[in-house]
Amino acid sequence: MIADDATLVRLMVSAQKGDRQSYAVLLKIAAGWLRRYFARRVAPPFLDDLVQETLISLHRKLASYDPARPFIPWLAAIARYRWVDQLRRIYRAAEESPVDEPTVASDEDAVSARLSLDRLFAHLPERQARVIRMVRIDGCSIAEAAVATGQSESLVKVNIHRGLRKLALMVERE
């Protein structure tokens with residue numbers, strides 16, 4: 001069941017007033033929307049957990065929802081934060097796992113991630129892509145990136161900020 005935003009807003013307002021039936025319908029519709037949203041972003045083993053975490057966050061934020069604003073962008077923002085949290089957990093787990101025994105799957109994942117990054121960086125101006133690579137991926141400091149690129153430190157920061165914002169918008173649109 002796919003509902004329009006106006007219907008979701010009405011369900012949310014009713015849920016805020018304590019209508020359990022409206023809340024159950026809202027959660028069912030939101031769960032379906034979240035499954036479609038996350039299906040393109042995470043591996044299947046993580047899908048159910050991520051949907052559930054997002055629904056829990058929706059529940060916690062129930063009182064903070066403003067009925068004057070659209071529901072789907074509000075839900076999408078919560079989903080995006082949960083997705084980023086999931087990526088951080090995966091990244092931390094990869095950092096903590098032993099590096100001595102590489103597996104075929106991890107090599108394939110690394111190559112896939114590198115290709116995805118390269119495709120994303122192709123949409124950025126070279127100056128932005130270069131400083132993001134240097135600072136966020138290679139671990140250089142802002143000062144080192146400024147010296148290597150001939151940009152001022154503040155320009156490096158601006159280029160990183162603008163580049164990451166553009167990348168986030170591109171990923172969100174996908």
# chains A, B, ... in the order shown; residues from 1 in each chain; ligands from 1
$ residues_around --residues "Asp4 (chain A)" --least-positions-apart "5" --cutoff "12 Å" --atoms "only C-alpha atoms" --output "PyMOL selection string"
chain A and resi 9-11+26+29-30+33+70-72
$ closest_residue --among "A:Ala15, A:Met170, A:Val42, A:Ala146" --to "Leu87 (chain A)" --atoms "only C-alpha atoms"
A:Val42
$ residues_around --residues "region 74-76 of chain A" --least-positions-apart "5" --cutoff "12 Å" --atoms "only C-alpha atoms" --output "PyMOL selection string"
chain A and resi 5+8-9+12+26-27+29-31+33-38+51+54-59+61-62+64-69+81-83+172-173
$ select_by_dssp --residues "region 51-157 of chain A" --states "alpha helix (DSSP H)" --output "PDB file with N, CA and C atoms, in the first residue's frame"
ATOM      1  N   VAL A  51      15.421  -1.107   8.692  1.00  0.00           N
ATOM      2  CA  VAL A  51      14.016  -0.678   8.675  1.00  0.00           C
ATOM      3  C   VAL A  51      13.498  -0.572  10.105  1.00  0.00           C
ATOM      4  N   GLN A  52      13.798  -1.578  10.936  1.00  0.00           N
ATOM      5  CA  GLN A  52      13.328  -1.567  12.319  1.00  0.00           C
ATOM      6  C   GLN A  52      13.945  -0.420  13.122  1.00  0.00           C
ATOM      7  N   GLU A  53      15.245  -0.179  12.932  1.00  0.00           N
ATOM      8  CA  GLU A  53      15.899   0.930  13.637  1.00  0.00           C
ATOM      9  C   GLU A  53      15.259   2.261  13.253  1.00  0.00           C
ATOM     10  N   THR A  54      14.935   2.407  11.989  1.00  0.00           N
ATOM     11  CA  THR A  54      14.331   3.652  11.524  1.00  0.00           C
ATOM     12  C   THR A  54      12.920   3.808  12.078  1.00  0.00           C
ATOM     13  N   LEU A  55      12.163   2.727  12.128  1.00  0.00           N
ATOM     14  CA  LEU A  55      10.822   2.794  12.711  1.00  0.00           C
ATOM     15  C   LEU A  55      10.885   3.143  14.204  1.00  0.00           C
ATOM     16  N   ILE A  56      11.886   2.619  14.883  1.00  0.00           N
ATOM     17  CA  ILE A  56      12.064   2.974  16.299  1.00  0.00           C
ATOM     18  C   ILE A  56      12.382   4.465  16.414  1.00  0.00           C
ATOM     19  N   SER A  57      13.237   4.962  15.531  1.00  0.00           N
ATOM     20  CA  SER A  57      13.555   6.397  15.541  1.00  0.00           C
ATOM     21  C   SER A  57      12.316   7.228  15.234  1.00  0.00           C
ATOM     22  N   LEU A  58      11.496   6.768  14.300  1.00  0.00           N
ATOM     23  CA  LEU A  58      10.240   7.459  13.991  1.00  0.00           C
ATOM     24  C   LEU A  58       9.377   7.520  15.249  1.00  0.00           C
ATOM     25  N   HIS A  59       9.311   6.408  15.965  1.00  0.00           N
ATOM     26  CA  HIS A  59       8.511   6.364  17.195  1.00  0.00           C
ATOM     27  C   HIS A  59       9.046   7.357  18.228  1.00  0.00           C
ATOM     28  N   ARG A  60      10.349   7.399  18.370  1.00  0.00           N
ATOM     29  CA  ARG A  60      10.956   8.317  19.343  1.00  0.00           C
ATOM     30  C   ARG A  60      10.734   9.778  18.961  1.00  0.00           C
ATOM     31  N   PHE A  71       5.446  14.770   5.292  1.00  0.00           N
ATOM     32  CA  PHE A  71       5.874  13.617   6.078  1.00  0.00           C
ATOM     33  C   PHE A  71       7.044  12.877   5.431  1.00  0.00           C
ATOM     34  N   ILE A  72       6.975  12.616   4.138  1.00  0.00           N
ATOM     35  CA  ILE A  72       7.985  11.780   3.479  1.00  0.00           C
ATOM     36  C   ILE A  72       9.392  12.375   3.592  1.00  0.00           C
ATOM     37  N   PRO A  73       9.599  13.677   3.364  1.00  0.00           N
ATOM     38  CA  PRO A  73      10.957  14.202   3.564  1.00  0.00           C
ATOM     39  C   PRO A  73      11.430  14.063   5.016  1.00  0.00           C
ATOM     40  N   TRP A  74      10.513  14.179   5.955  1.00  0.00           N
ATOM     41  CA  TRP A  74      10.852  14.009   7.372  1.00  0.00           C
ATOM     42  C   TRP A  74      11.312  12.572   7.620  1.00  0.00           C
ATOM     43  N   LEU A  75      10.555  11.611   7.094  1.00  0.00           N
ATOM     44  CA  LEU A  75      10.923  10.206   7.226  1.00  0.00           C
ATOM     45  C   LEU A  75      12.234   9.916   6.495  1.00  0.00           C
ATOM     46  N   ALA A  76      12.420  10.501   5.336  1.00  0.00           N
ATOM     47  CA  ALA A  76      13.652  10.296   4.561  1.00  0.00           C
ATOM     48  C   ALA A  76      14.870  10.810   5.323  1.00  0.00           C
ATOM     49  N   ALA A  77      14.719  11.916   6.029  1.00  0.00           N
ATOM     50  CA  ALA A  77      15.833  12.449   6.817  1.00  0.00           C
ATOM     51  C   ALA A  77      16.204  11.478   7.936  1.00  0.00           C
ATOM     52  N   ILE A  78      15.204  10.948   8.619  1.00  0.00           N
ATOM     53  CA  ILE A  78      15.468   9.958   9.674  1.00  0.00           C
ATOM     54  C   ILE A  78      16.149   8.732   9.070  1.00  0.00           C
ATOM     55  N   ALA A  79      15.643   8.267   7.927  1.00  0.00           N
ATOM     56  CA  ALA A  79      16.200   7.092   7.260  1.00  0.00           C
ATOM     57  C   ALA A  79      17.655   7.331   6.860  1.00  0.00           C
ATOM     58  N   ARG A  80      17.925   8.516   6.353  1.00  0.00           N
ATOM     59  CA  ARG A  80      19.292   8.820   5.934  1.00  0.00           C
ATOM     60  C   ARG A  80      20.247   8.785   7.131  1.00  0.00           C
ATOM     61  N   TYR A  81      19.819   9.319   8.267  1.00  0.00           N
ATOM     62  CA  TYR A  81      20.670   9.275   9.461  1.00  0.00           C
ATOM     63  C   TYR A  81      20.906   7.838   9.928  1.00  0.00           C
ATOM     64  N   ARG A  82      19.878   7.015   9.895  1.00  0.00           N
ATOM     65  CA  ARG A  82      20.047   5.613  10.288  1.00  0.00           C
ATOM     66  C   ARG A  82      20.973   4.902   9.307  1.00  0.00           C
ATOM     67  N   TRP A  83      20.861   5.218   8.016  1.00  0.00           N
ATOM     68  CA  TRP A  83      21.715   4.612   6.995  1.00  0.00           C
ATOM     69  C   TRP A  83      23.174   5.000   7.231  1.00  0.00           C
ATOM     70  N   VAL A  84      23.422   6.260   7.525  1.00  0.00           N
ATOM     71  CA  VAL A  84      24.782   6.723   7.795  1.00  0.00           C
ATOM     72  C   VAL A  84      25.329   6.029   9.043  1.00  0.00           C
ATOM     73  N   ASP A  85      24.491   5.880  10.063  1.00  0.00           N
ATOM     74  CA  ASP A  85      24.912   5.146  11.261  1.00  0.00           C
ATOM     75  C   ASP A  85      25.306   3.716  10.910  1.00  0.00           C
ATOM     76  N   GLN A  86      24.530   3.085  10.035  1.00  0.00           N
ATOM     77  CA  GLN A  86      24.824   1.721   9.597  1.00  0.00           C
ATOM     78  C   GLN A  86      26.161   1.673   8.862  1.00  0.00           C
ATOM     79  N   LEU A  87      26.402   2.630   7.978  1.00  0.00           N
ATOM     80  CA  LEU A  87      27.678   2.678   7.261  1.00  0.00           C
ATOM     81  C   LEU A  87      28.842   2.851   8.234  1.00  0.00           C
ATOM     82  N   ARG A  88      28.653   3.673   9.250  1.00  0.00           N
ATOM     83  CA  ARG A  88      29.707   3.856  10.255  1.00  0.00           C
ATOM     84  C   ARG A  88      29.983   2.550  10.997  1.00  0.00           C
ATOM     85  N   ARG A  89      28.925   1.828  11.359  1.00  0.00           N
ATOM     86  CA  ARG A  89      29.113   0.546  12.052  1.00  0.00           C
ATOM     87  C   ARG A  89      29.881  -0.435  11.174  1.00  0.00           C
ATOM     88  N   ILE A  90      29.529  -0.494   9.901  1.00  0.00           N
ATOM     89  CA  ILE A  90      30.218  -1.398   8.971  1.00  0.00           C
ATOM     90  C   ILE A  90      31.682  -0.993   8.830  1.00  0.00           C
ATOM     91  N   TYR A  91      31.904   0.314   8.719  1.00  0.00           N
ATOM     92  CA  TYR A  91      33.266   0.819   8.573  1.00  0.00           C
ATOM     93  C   TYR A  91      34.093   0.487   9.808  1.00  0.00           C
ATOM     94  N   ARG A  92      33.529   0.705  11.001  1.00  0.00           N
ATOM     95  CA  ARG A  92      34.247   0.403  12.245  1.00  0.00           C
ATOM     96  C   ARG A  92      34.544  -1.097  12.347  1.00  0.00           C
ATOM     97  N   ALA A  93      33.565  -1.912  11.974  1.00  0.00           N
ATOM     98  CA  ALA A  93      33.765  -3.361  12.030  1.00  0.00           C
ATOM     99  C   ALA A  93      34.876  -3.781  11.080  1.00  0.00           C
ATOM    100  N   ALA A  94      34.933  -3.149   9.916  1.00  0.00           N
ATOM    101  CA  ALA A  94      35.985  -3.462   8.950  1.00  0.00           C
ATOM    102  C   ALA A  94      37.351  -3.042   9.482  1.00  0.00           C
ATOM    103  N   GLU A  95      37.398  -1.918  10.190  1.00  0.00           N
ATOM    104  CA  GLU A  95      38.663  -1.460  10.767  1.00  0.00           C
ATOM    105  C   GLU A  95      39.135  -2.385  11.873  1.00  0.00           C
ATOM    106  N   GLU A  96      38.196  -2.922  12.649  1.00  0.00           N
ATOM    107  CA  GLU A  96      38.540  -3.757  13.790  1.00  0.00           C
ATOM    108  C   GLU A  96      38.809  -5.208  13.409  1.00  0.00           C
ATOM    109  N   VAL A 104      37.968 -13.308  -0.396  1.00  0.00           N
ATOM    110  CA  VAL A 104      37.554 -12.903  -1.734  1.00  0.00           C
ATOM    111  C   VAL A 104      36.433 -11.879  -1.646  1.00  0.00           C
ATOM    112  N   ALA A 105      35.480 -12.116  -0.742  1.00  0.00           N
ATOM    113  CA  ALA A 105      34.342 -11.203  -0.614  1.00  0.00           C
ATOM    114  C   ALA A 105      34.803  -9.814  -0.197  1.00  0.00           C
ATOM    115  N   SER A 106      35.750  -9.729   0.746  1.00  0.00           N
ATOM    116  CA  SER A 106      36.196  -8.414   1.191  1.00  0.00           C
ATOM    117  C   SER A 106      36.963  -7.706   0.080  1.00  0.00           C
ATOM    118  N   ASP A 107      37.731  -8.465  -0.721  1.00  0.00           N
ATOM    119  CA  ASP A 107      38.428  -7.853  -1.849  1.00  0.00           C
ATOM    120  C   ASP A 107      37.430  -7.329  -2.870  1.00  0.00           C
ATOM    121  N   GLU A 108      36.390  -8.109  -3.137  1.00  0.00           N
ATOM    122  CA  GLU A 108      35.362  -7.670  -4.073  1.00  0.00           C
ATOM    123  C   GLU A 108      34.634  -6.437  -3.550  1.00  0.00           C
ATOM    124  N   ASP A 109      34.349  -6.434  -2.252  1.00  0.00           N
ATOM    125  CA  ASP A 109      33.693  -5.272  -1.646  1.00  0.00           C
ATOM    126  C   ASP A 109      34.573  -4.038  -1.753  1.00  0.00           C
ATOM    127  N   ALA A 110      35.862  -4.202  -1.513  1.00  0.00           N
ATOM    128  CA  ALA A 110      36.786  -3.065  -1.585  1.00  0.00           C
ATOM    129  C   ALA A 110      36.860  -2.521  -3.010  1.00  0.00           C
ATOM    130  N   VAL A 111      36.931  -3.414  -3.980  1.00  0.00           N
ATOM    131  CA  VAL A 111      36.978  -2.979  -5.379  1.00  0.00           C
ATOM    132  C   VAL A 111      35.671  -2.289  -5.752  1.00  0.00           C
ATOM    133  N   SER A 112      34.545  -2.865  -5.332  1.00  0.00           N
ATOM    134  CA  SER A 112      33.242  -2.271  -5.610  1.00  0.00           C
ATOM    135  C   SER A 112      33.117  -0.890  -4.974  1.00  0.00           C
ATOM    136  N   ALA A 113      33.562  -0.773  -3.723  1.00  0.00           N
ATOM    137  CA  ALA A 113      33.506   0.523  -3.037  1.00  0.00           C
ATOM    138  C   ALA A 113      34.388   1.539  -3.742  1.00  0.00           C
ATOM    139  N   ARG A 114      35.559   1.111  -4.181  1.00  0.00           N
ATOM    140  CA  ARG A 114      36.483   2.024  -4.872  1.00  0.00           C
ATOM    141  C   ARG A 114      35.881   2.494  -6.196  1.00  0.00           C
ATOM    142  N   LEU A 115      35.275   1.579  -6.935  1.00  0.00           N
ATOM    143  CA  LEU A 115      34.635   1.956  -8.197  1.00  0.00           C
ATOM    144  C   LEU A 115      33.472   2.908  -7.957  1.00  0.00           C
ATOM    145  N   SER A 116      32.699   2.661  -6.898  1.00  0.00           N
ATOM    146  CA  SER A 116      31.583   3.547  -6.565  1.00  0.00           C
ATOM    147  C   SER A 116      32.090   4.937  -6.220  1.00  0.00           C
ATOM    148  N   LEU A 117      33.154   5.004  -5.431  1.00  0.00           N
ATOM    149  CA  LEU A 117      33.739   6.303  -5.081  1.00  0.00           C
ATOM    150  C   LEU A 117      34.247   7.023  -6.316  1.00  0.00           C
ATOM    151  N   ASP A 118      34.936   6.293  -7.178  1.00  0.00           N
ATOM    152  CA  ASP A 118      35.466   6.915  -8.388  1.00  0.00           C
ATOM    153  C   ASP A 118      34.348   7.462  -9.274  1.00  0.00           C
ATOM    154  N   ARG A 119      33.242   6.705  -9.359  1.00  0.00           N
ATOM    155  CA  ARG A 119      32.092   7.193 -10.139  1.00  0.00           C
ATOM    156  C   ARG A 119      31.503   8.449  -9.531  1.00  0.00           C
ATOM    157  N   LEU A 120      31.384   8.469  -8.202  1.00  0.00           N
ATOM    158  CA  LEU A 120      30.853   9.656  -7.530  1.00  0.00           C
ATOM    159  C   LEU A 120      31.788  10.850  -7.702  1.00  0.00           C
ATOM    160  N   PHE A 121      33.087  10.608  -7.518  1.00  0.00           N
ATOM    161  CA  PHE A 121      34.055  11.701  -7.637  1.00  0.00           C
ATOM    162  C   PHE A 121      34.110  12.262  -9.057  1.00  0.00           C
ATOM    163  N   GLU A 126      37.534  18.624 -10.077  1.00  0.00           N
ATOM    164  CA  GLU A 126      38.769  17.941  -9.690  1.00  0.00           C
ATOM    165  C   GLU A 126      39.323  18.457  -8.365  1.00  0.00           C
ATOM    166  N   ARG A 127      39.262  19.772  -8.132  1.00  0.00           N
ATOM    167  CA  ARG A 127      39.820  20.343  -6.900  1.00  0.00           C
ATOM    168  C   ARG A 127      39.084  19.812  -5.672  1.00  0.00           C
ATOM    169  N   GLN A 128      37.755  19.653  -5.776  1.00  0.00           N
ATOM    170  CA  GLN A 128      36.982  19.132  -4.660  1.00  0.00           C
ATOM    171  C   GLN A 128      37.268  17.645  -4.456  1.00  0.00           C
ATOM    172  N   ALA A 129      37.257  16.884  -5.539  1.00  0.00           N
ATOM    173  CA  ALA A 129      37.486  15.444  -5.443  1.00  0.00           C
ATOM    174  C   ALA A 129      38.867  15.156  -4.858  1.00  0.00           C
ATOM    175  N   ARG A 130      39.855  15.915  -5.286  1.00  0.00           N
ATOM    176  CA  ARG A 130      41.234  15.677  -4.835  1.00  0.00           C
ATOM    177  C   ARG A 130      41.382  15.912  -3.328  1.00  0.00           C
ATOM    178  N   VAL A 131      40.839  17.031  -2.831  1.00  0.00           N
ATOM    179  CA  VAL A 131      41.005  17.304  -1.400  1.00  0.00           C
ATOM    180  C   VAL A 131      40.158  16.356  -0.539  1.00  0.00           C
ATOM    181  N   ILE A 132      39.005  15.930  -1.038  1.00  0.00           N
ATOM    182  CA  ILE A 132      38.207  14.951  -0.289  1.00  0.00           C
ATOM    183  C   ILE A 132      38.977  13.641  -0.192  1.00  0.00           C
ATOM    184  N   ILE A 142      44.362  18.965   6.905  1.00  0.00           N
ATOM    185  CA  ILE A 142      43.951  20.091   6.064  1.00  0.00           C
ATOM    186  C   ILE A 142      45.191  20.841   5.580  1.00  0.00           C
ATOM    187  N   ALA A 143      46.146  21.032   6.483  1.00  0.00           N
ATOM    188  CA  ALA A 143      47.374  21.759   6.133  1.00  0.00           C
ATOM    189  C   ALA A 143      48.161  21.015   5.051  1.00  0.00           C
ATOM    190  N   GLU A 144      48.274  19.700   5.179  1.00  0.00           N
ATOM    191  CA  GLU A 144      48.994  18.914   4.169  1.00  0.00           C
ATOM    192  C   GLU A 144      48.296  18.986   2.815  1.00  0.00           C
ATOM    193  N   ALA A 145      46.979  18.903   2.825  1.00  0.00           N
ATOM    194  CA  ALA A 145      46.219  18.986   1.578  1.00  0.00           C
ATOM    195  C   ALA A 145      46.380  20.370   0.946  1.00  0.00           C
ATOM    196  N   ALA A 146      46.410  21.407   1.780  1.00  0.00           N
ATOM    197  CA  ALA A 146      46.576  22.774   1.264  1.00  0.00           C
ATOM    198  C   ALA A 146      47.925  22.923   0.576  1.00  0.00           C
ATOM    199  N   VAL A 147      48.976  22.409   1.188  1.00  0.00           N
ATOM    200  CA  VAL A 147      50.313  22.501   0.599  1.00  0.00           C
ATOM    201  C   VAL A 147      50.377  21.708  -0.705  1.00  0.00           C
ATOM    202  N   ALA A 148      49.833  20.485  -0.690  1.00  0.00           N
ATOM    203  CA  ALA A 148      49.910  19.611  -1.867  1.00  0.00           C
ATOM    204  C   ALA A 148      49.116  20.147  -3.047  1.00  0.00           C
ATOM    205  N   THR A 149      48.011  20.846  -2.782  1.00  0.00           N
ATOM    206  CA  THR A 149      47.153  21.324  -3.870  1.00  0.00           C
ATOM    207  C   THR A 149      47.374  22.788  -4.223  1.00  0.00           C
ATOM    208  N   GLU A 153      44.172  26.813   3.349  1.00  0.00           N
ATOM    209  CA  GLU A 153      43.498  25.863   4.230  1.00  0.00           C
ATOM    210  C   GLU A 153      41.995  26.096   4.247  1.00  0.00           C
ATOM    211  N   SER A 154      41.583  27.362   4.240  1.00  0.00           N
ATOM    212  CA  SER A 154      40.143  27.628   4.257  1.00  0.00           C
ATOM    213  C   SER A 154      39.491  27.179   2.951  1.00  0.00           C
ATOM    214  N   LEU A 155      40.205  27.322   1.826  1.00  0.00           N
ATOM    215  CA  LEU A 155      39.650  26.862   0.548  1.00  0.00           C
ATOM    216  C   LEU A 155      39.546  25.335   0.522  1.00  0.00           C
ATOM    217  N   VAL A 156      40.513  24.660   1.129  1.00  0.00           N
ATOM    218  CA  VAL A 156      40.442  23.198   1.218  1.00  0.00           C
ATOM    219  C   VAL A 156      39.185  22.797   2.003  1.00  0.00           C
ATOM    220  N   LYS A 157      38.942  23.463   3.130  1.00  0.00           N
ATOM    221  CA  LYS A 157      37.760  23.165   3.937  1.00  0.00           C
ATOM    222  C   LYS A 157      36.478  23.427   3.164  1.00  0.00           C
TER     223      LYS A 157
END
$ atom_distance --atom1 "CA of Gly163 (chain A)" --atom2 "CA of Arg40 (chain A)"
22.3 Å
$ atom_distance --atom1 "CA of Lys166 (chain A)" --atom2 "CA of Arg41 (chain A)"
17.5 Å
$ atom_distance --atom1 "CA of Asn159 (chain A)" --atom2 "CA of Leu124 (chain A)"
10.0 Å
